[in-house]
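In what follows, a single structure is set out as structure tokens and then discussed.
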Amino acid sequence: MPGVAIALSKGRILDETLPLLARAGIVPTEDPEVSRKLVLPTNHAGVSLVVLRAQDVPTYVEYGAADLGVAGKDVLLEHGSGGLYQPLDLGIGRCRLVVATRRGFDWAGTVQRGARIRVASKYVRVAREHFADKGMHVDLIKLYGSMELAPLAGLADAIVDLVSSGGTLRANNLVEVEEIASISSRLIVNQAALKTKREQLMPLLEKLEAAVAK
Ligand code: PRP
């Protein structure tokens with residue numbers, strides 16, 4: 001795309017990203033939550049926003065279809081960070097990636113026995129690496145949402161999911177048994193664009209850095 005395209009994801013992260021962009025002087029001319037447009041112009045003639053599914057943000061930036069993006073560390077861990085420069089922790093979208101089980105499930109005993117367990121997650125790559133590092137044998141089940149249901153429905157012994165307030169775990173009688181990573185949203189930059197569009201990108205990166213520090 002001509003100019004600079006910034007890839008954002010819908011939902012919770014967008015609510016925190018728009019005020020940050022506004023502090024950096026970038027304001028969309030239409031409300032992304034309301035508009036049906038997928039490419040939103042901003043008050044900067046050369047800067048547009050593209051609003052995507054969270055998991056697609058690193059893909060767009062990796063291939064240079066967007067120059068910049070805002071992506072959760074969880075999404076980046078799952079996607080892999082090849083071709084992506086991550087210059088800035090934006091300090092928004094803070095939460096944790098954890099392993100959780102039904103309350104009363106003997107997690108310590110399961111780990112100690114080396115029992116084979118089933119783990120449901122949308123973060124199958126992160127989960128695979130985490131349990132491989134621990135030397136645990138797990139069967140991974142890929143899900144796309146409502147992970148908390150899996151242990152209740154007998155689909156899995158454990159889940160790997162994000163926890164913010166802990167309210168969803170509590171409401172479903174689940175408990176956190178391990179923390180895998182602490183999560184926040186990162187600015188990601190296409191590495192080639194950093195060279196080819198340096199003059200346009202550097203001032204934006206500086207403004208975003210100042211907006212984070214504010
Ligand atoms: C996330 C996560 C948990 C919930 C945790 O889901 O998957 O379900 O938030 O938040 P809490 O600890 O404050 O209760 P989200 O609402 O982002 O939707 P998703 O299932 O589409 O990921």
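By convention in this document, the chains of the structure tokens carry letters A, B, ... by their order, each chain's residues are numbered from 1, and ligands are numbered from 1 in the order they are shown.
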Practice problem: Quick one: everything within 8 Å of A:Val51, counting only C-alpha atoms, minus sequence neighbours fewer than 5 positions away in the same chain. Send it as a PyMOL selection string. | Solution: chain A and resi 7-10+32+38-39
Exercise. Dump the neighbourhood of ligand 1 as a list in words: all residues within 7 Å, distances computed on only C-alpha atoms and all ligand atoms.
Key: Arg12, Gly145, Ser146, Met147, Glu148, Asp161, Leu162, Val163, Ser164, Ser165, Gly166, Gly167, Thr168 and Leu169 of chain A
Dump of N, CA and C atoms for the selected residues, as a compact mmCIF listing (two decimals), in the first residue's frame:
```txt
# COMPACT_ATOMS: atom_id res chain seq x y z
N ARG A 12 -10.39 -5.47 22.44
CA ARG A 12 -9.81 -4.83 23.61
C ARG A 12 -8.54 -4.02 23.30
N GLY A 145 -11.53 -20.42 20.61
CA GLY A 145 -12.12 -19.52 21.60
C GLY A 145 -12.73 -20.33 22.72
N SER A 146 -13.23 -19.62 23.73
CA SER A 146 -13.87 -20.25 24.91
C SER A 146 -13.07 -21.45 25.43
N MET A 147 -11.77 -21.24 25.56
CA MET A 147 -10.88 -22.32 26.03
C MET A 147 -11.32 -22.87 27.38
N GLU A 148 -11.88 -21.95 28.22
CA GLU A 148 -12.22 -22.34 29.60
C GLU A 148 -13.22 -23.49 29.65
N ASP A 161 -4.05 -20.31 28.18
CA ASP A 161 -4.88 -19.17 27.77
C ASP A 161 -4.41 -17.91 28.48
N LEU A 162 -4.95 -16.78 28.03
CA LEU A 162 -4.65 -15.50 28.65
C LEU A 162 -5.49 -15.29 29.89
N VAL A 163 -4.88 -14.71 30.90
CA VAL A 163 -5.61 -14.30 32.11
C VAL A 163 -5.33 -12.83 32.34
N SER A 164 -6.40 -12.09 32.56
CA SER A 164 -6.22 -10.68 32.88
C SER A 164 -6.65 -10.46 34.32
N SER A 165 -7.95 -10.32 34.57
CA SER A 165 -8.43 -10.14 35.95
C SER A 165 -8.51 -11.47 36.70
N GLY A 166 -8.57 -12.56 35.97
CA GLY A 166 -8.76 -13.88 36.59
C GLY A 166 -10.24 -14.23 36.75
N GLY A 167 -11.10 -13.29 36.36
CA GLY A 167 -12.55 -13.48 36.53
C GLY A 167 -13.10 -14.66 35.75
N THR A 168 -12.61 -14.86 34.53
CA THR A 168 -13.15 -15.96 33.71
C THR A 168 -12.76 -17.31 34.30
N LEU A 169 -11.51 -17.42 34.79
CA LEU A 169 -11.09 -18.68 35.43
C LEU A 169 -11.97 -18.95 36.65
```
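If you measure from each of A:Ala22, A:Ala5, A:Val175, A:Leu97 to A:Asp157 using only C-alpha atoms, the closest one turns out to be A:Val175.
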Practice problem: Rank nothing, just name the residue among A:Lys142, A:Arg186, A:Lys197, A:Arg94 nearest to A:Tyr123, using only C-alpha atoms. | Solution: A:Lys142
Quiz item: DSSP on the backbone: what in stretch 89-171 of chain A comes out strand (DSSP E), as a PyMOL selection string?
Solution: chain A and resi 89+95-102+117-121+138-142+158-163
Taking C-alpha atoms for each residue, export the selection above as a PDB file, in the first residue's frame.
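This is the output file again.pdb:
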```
ATOM      1  CA  ASP A  89       6.730  -2.374  24.247  1.00  0.00           C
ATOM      2  CA  CYS A  95      -2.136  -9.848  30.836  1.00  0.00           C
ATOM      3  CA  ARG A  96      -0.475 -13.229  31.365  1.00  0.00           C
ATOM      4  CA  LEU A  97      -0.341 -16.477  29.423  1.00  0.00           C
ATOM      5  CA  VAL A  98      -0.927 -19.349  31.829  1.00  0.00           C
ATOM      6  CA  VAL A  99      -1.699 -23.032  32.202  1.00  0.00           C
ATOM      7  CA  ALA A 100      -5.001 -23.628  34.017  1.00  0.00           C
ATOM      8  CA  THR A 101      -6.880 -26.713  35.167  1.00  0.00           C
ATOM      9  CA  ARG A 102     -10.120 -27.549  36.966  1.00  0.00           C
ATOM     10  CA  ILE A 117      -2.280 -35.151  29.366  1.00  0.00           C
ATOM     11  CA  ARG A 118      -4.499 -33.329  26.903  1.00  0.00           C
ATOM     12  CA  VAL A 119      -4.068 -29.576  26.615  1.00  0.00           C
ATOM     13  CA  ALA A 120      -6.461 -27.329  24.705  1.00  0.00           C
ATOM     14  CA  SER A 121      -5.370 -23.929  23.423  1.00  0.00           C
ATOM     15  CA  VAL A 138       0.984 -33.639  25.977  1.00  0.00           C
ATOM     16  CA  ASP A 139      -1.610 -34.083  23.271  1.00  0.00           C
ATOM     17  CA  LEU A 140      -2.533 -30.646  21.998  1.00  0.00           C
ATOM     18  CA  ILE A 141      -6.030 -29.738  20.883  1.00  0.00           C
ATOM     19  CA  LYS A 142      -6.374 -26.576  18.826  1.00  0.00           C
ATOM     20  CA  ALA A 158      -5.576 -28.280  31.026  1.00  0.00           C
ATOM     21  CA  ILE A 159      -5.714 -25.137  28.925  1.00  0.00           C
ATOM     22  CA  VAL A 160      -3.164 -22.549  27.898  1.00  0.00           C
ATOM     23  CA  ASP A 161      -4.877 -19.172  27.770  1.00  0.00           C
ATOM     24  CA  LEU A 162      -4.649 -15.495  28.646  1.00  0.00           C
ATOM     25  CA  VAL A 163      -5.611 -14.304  32.106  1.00  0.00           C
TER      26      VAL A 163
END
```
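Among the candidates A:Ala171, A:Val70, A:Ile13, A:Ala150, the one nearest to A:Asp56 when counting only C-alpha atoms is A:Val70.
Candidate residues A:Val4, A:Ala132, A:Leu14, A:Val47 were compared for distance to A:Ala65, and the nearest is A:Val4, using only C-alpha atoms.
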Quiz prompt | Distance query A:Gln191 at most 6 Å, only C-alpha atoms, self and fewer than 4 positions along chain excluded, as a PyMOL selection string | solution = chain A and resi 83-85
Residues just named, written with C-alpha atoms as a PDB file, in the first residue's frame:
```pdb
ATOM      1  CA  GLY A  83      11.091 -10.588   9.474  1.00  0.00           C
ATOM      2  CA  LEU A  84       9.640  -8.481  12.263  1.00  0.00           C
ATOM      3  CA  TYR A  85      11.438  -5.778  14.187  1.00  0.00           C
TER       4      TYR A  85
END
```
Practice problem: In Å, rounded to a single decimal, give me how far atom CA of A:Arg53 is from atom CA of A:Pro151. | Solution: 26.0 Å
Quiz item: So which residues touch A:Arg113 within 12 Å, counting only C-alpha atoms, skipping near sequence neighbours fewer than 4 positions away, as an MDAnalysis selection string?
Solution: chainID A and resid 106:109 117 135:137
Those residues with C-alpha atoms, as a PDB file, in the first residue's frame please?
```pdb
ATOM      1  CA  ASP A 106      -3.831 -32.839  40.854  1.00  0.00           C
ATOM      2  CA  TRP A 107      -1.481 -30.875  38.610  1.00  0.00           C
ATOM      3  CA  ALA A 108       1.654 -31.338  40.745  1.00  0.00           C
ATOM      4  CA  GLY A 109       1.048 -35.093  40.887  1.00  0.00           C
ATOM      5  CA  ILE A 117      -2.280 -35.151  29.366  1.00  0.00           C
ATOM      6  CA  GLY A 135       9.804 -32.797  29.346  1.00  0.00           C
ATOM      7  CA  MET A 136       6.047 -33.398  29.587  1.00  0.00           C
ATOM      8  CA  HIS A 137       4.091 -35.477  27.107  1.00  0.00           C
TER       9      HIS A 137
END
```
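If only C-alpha atoms are the atoms counted, then among A:Leu88, A:Leu52, A:Val34, A:Ile6 the closest residue to A:Ala213 is A:Leu88.
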Quiz prompt | From A:Leu201, A:Leu49, A:Phe105, A:His130, residue lying nearest A:Ile180 [only C-alpha atoms] | solution = A:His130
Self-check item: Selection near stretch 204-209 of chain A, 10 Å with only C-alpha atoms, sequence-local residues under 5 positions removed, as a PyMOL selection string
Solution: chain A and resi 4+20-26+47+68+87-90+187+189+198-199+214
Practice problem: Please identify which residues in stretch 120-189 of chain A DSSP calls alpha helix (DSSP H) from the backbone, and express them as a ChimeraX atom specification. | Solution: /A:124-133,149-152,167-171
Output N, CA, C and O atoms for every residue in the selection just made, as a compact mmCIF listing (two decimals), in the first residue's frame.
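Dumped everything to out_36.txt:
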```
# COMPACT_ATOMS: atom_id res chain seq x y z
N VAL A 124 -1.11 -23.27 20.30
CA VAL A 124 -0.56 -24.64 20.31
C VAL A 124 0.97 -24.65 20.19
O VAL A 124 1.64 -25.48 20.78
N ARG A 125 1.51 -23.69 19.46
CA ARG A 125 2.97 -23.65 19.30
C ARG A 125 3.64 -23.31 20.64
O ARG A 125 4.60 -23.97 21.05
N VAL A 126 3.10 -22.27 21.29
CA VAL A 126 3.66 -21.86 22.59
C VAL A 126 3.50 -23.00 23.59
O VAL A 126 4.43 -23.32 24.34
N ALA A 127 2.33 -23.63 23.60
CA ALA A 127 2.07 -24.72 24.54
C ALA A 127 3.02 -25.89 24.27
O ALA A 127 3.60 -26.46 25.20
N ARG A 128 3.21 -26.22 22.99
CA ARG A 128 4.10 -27.35 22.64
C ARG A 128 5.51 -27.09 23.17
O ARG A 128 6.12 -27.95 23.81
N GLU A 129 6.00 -25.87 22.95
CA GLU A 129 7.36 -25.53 23.39
C GLU A 129 7.46 -25.54 24.91
O GLU A 129 8.43 -26.04 25.49
N HIS A 130 6.43 -25.00 25.56
CA HIS A 130 6.45 -24.93 27.02
C HIS A 130 6.53 -26.32 27.63
O HIS A 130 7.36 -26.58 28.51
N PHE A 131 5.67 -27.23 27.16
CA PHE A 131 5.64 -28.57 27.76
C PHE A 131 6.84 -29.40 27.32
O PHE A 131 7.32 -30.24 28.08
N ALA A 132 7.34 -29.16 26.11
CA ALA A 132 8.55 -29.86 25.67
C ALA A 132 9.73 -29.47 26.56
O ALA A 132 10.52 -30.33 26.97
N ASP A 133 9.82 -28.18 26.90
CA ASP A 133 10.90 -27.71 27.79
C ASP A 133 10.83 -28.39 29.16
O ASP A 133 11.85 -28.60 29.81
N LEU A 149 -13.96 -23.67 28.57
CA LEU A 149 -14.95 -24.75 28.56
C LEU A 149 -14.31 -26.13 28.47
O LEU A 149 -14.87 -27.12 28.97
N ALA A 150 -13.14 -26.20 27.86
CA ALA A 150 -12.54 -27.51 27.53
C ALA A 150 -12.35 -28.42 28.75
O ALA A 150 -12.74 -29.60 28.69
N PRO A 151 -11.80 -27.92 29.88
CA PRO A 151 -11.65 -28.83 31.03
C PRO A 151 -13.00 -29.20 31.64
O PRO A 151 -13.15 -30.29 32.17
N LEU A 152 -13.96 -28.27 31.57
CA LEU A 152 -15.28 -28.54 32.16
C LEU A 152 -16.03 -29.59 31.36
O LEU A 152 -16.75 -30.41 31.91
N GLY A 167 -11.10 -13.29 36.36
CA GLY A 167 -12.55 -13.48 36.53
C GLY A 167 -13.10 -14.66 35.75
O GLY A 167 -13.95 -15.41 36.25
N THR A 168 -12.61 -14.86 34.53
CA THR A 168 -13.15 -15.96 33.71
C THR A 168 -12.76 -17.31 34.30
O THR A 168 -13.57 -18.24 34.33
N LEU A 169 -11.51 -17.42 34.79
CA LEU A 169 -11.09 -18.68 35.43
C LEU A 169 -11.97 -18.95 36.65
O LEU A 169 -12.52 -20.04 36.80
N ARG A 170 -12.11 -17.94 37.51
CA ARG A 170 -12.90 -18.12 38.75
C ARG A 170 -14.33 -18.52 38.43
O ARG A 170 -14.88 -19.43 39.04
N ALA A 171 -14.92 -17.83 37.45
CA ALA A 171 -16.33 -18.09 37.12
C ALA A 171 -16.54 -19.51 36.61
O ALA A 171 -17.66 -20.03 36.64
```
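Excluding A:Gly64 and any residue on its chain fewer than 4 positions from it, the residues at most 8 Å away by only C-alpha atoms are Tyr60, Asn190, Ala192 and Ala193 of chain A.
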Using all heavy atoms, can you write the selected residues to a file as a PDB file, in the first residue's frame?
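Now in selection36.pdb:
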```pdb
ATOM      1  N   TYR A  60       0.533  -9.672   8.077  1.00  0.00           N
ATOM      2  CA  TYR A  60       0.526  -8.497   7.197  1.00  0.00           C
ATOM      3  C   TYR A  60       1.852  -7.737   7.287  1.00  0.00           C
ATOM      4  O   TYR A  60       2.392  -7.293   6.274  1.00  0.00           O
ATOM      5  CB  TYR A  60      -0.641  -7.558   7.557  1.00  0.00           C
ATOM      6  CG  TYR A  60      -1.890  -7.854   6.760  1.00  0.00           C
ATOM      7  CD1 TYR A  60      -2.617  -9.018   6.977  1.00  0.00           C
ATOM      8  CD2 TYR A  60      -2.333  -6.977   5.769  1.00  0.00           C
ATOM      9  CE1 TYR A  60      -3.753  -9.300   6.236  1.00  0.00           C
ATOM     10  CE2 TYR A  60      -3.469  -7.255   5.024  1.00  0.00           C
ATOM     11  CZ  TYR A  60      -4.172  -8.415   5.262  1.00  0.00           C
ATOM     12  OH  TYR A  60      -5.289  -8.688   4.511  1.00  0.00           O
ATOM     13  N   ASN A 190       7.945  -3.912   9.765  1.00  0.00           N
ATOM     14  CA  ASN A 190       8.521  -4.714   8.684  1.00  0.00           C
ATOM     15  C   ASN A 190       9.983  -4.289   8.497  1.00  0.00           C
ATOM     16  O   ASN A 190      10.263  -3.098   8.319  1.00  0.00           O
ATOM     17  CB  ASN A 190       7.717  -4.506   7.396  1.00  0.00           C
ATOM     18  CG  ASN A 190       8.333  -5.238   6.227  1.00  0.00           C
ATOM     19  OD1 ASN A 190       9.224  -4.709   5.566  1.00  0.00           O
ATOM     20  ND2 ASN A 190       7.891  -6.457   5.987  1.00  0.00           N
ATOM     21  N   ALA A 192      12.185  -4.686   6.136  1.00  0.00           N
ATOM     22  CA  ALA A 192      12.569  -4.080   4.853  1.00  0.00           C
ATOM     23  C   ALA A 192      12.051  -2.639   4.768  1.00  0.00           C
ATOM     24  O   ALA A 192      12.754  -1.736   4.295  1.00  0.00           O
ATOM     25  CB  ALA A 192      12.028  -4.909   3.693  1.00  0.00           C
ATOM     26  N   ALA A 193      10.818  -2.427   5.277  1.00  0.00           N
ATOM     27  CA  ALA A 193      10.221  -1.077   5.229  1.00  0.00           C
ATOM     28  C   ALA A 193      11.043  -0.090   6.040  1.00  0.00           C
ATOM     29  O   ALA A 193      11.105   1.100   5.712  1.00  0.00           O
ATOM     30  CB  ALA A 193       8.785  -1.115   5.735  1.00  0.00           C
TER      31      ALA A 193
END
```
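Here atom CA of A:Ala71 and atom CA of A:Ser185 stand 5.3 Å from one another.
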Quiz item: What is the distance between atom CA of A:Ala45 and atom CA of A:Val61, in Å to one decimal?
Solution: 20.3 Å
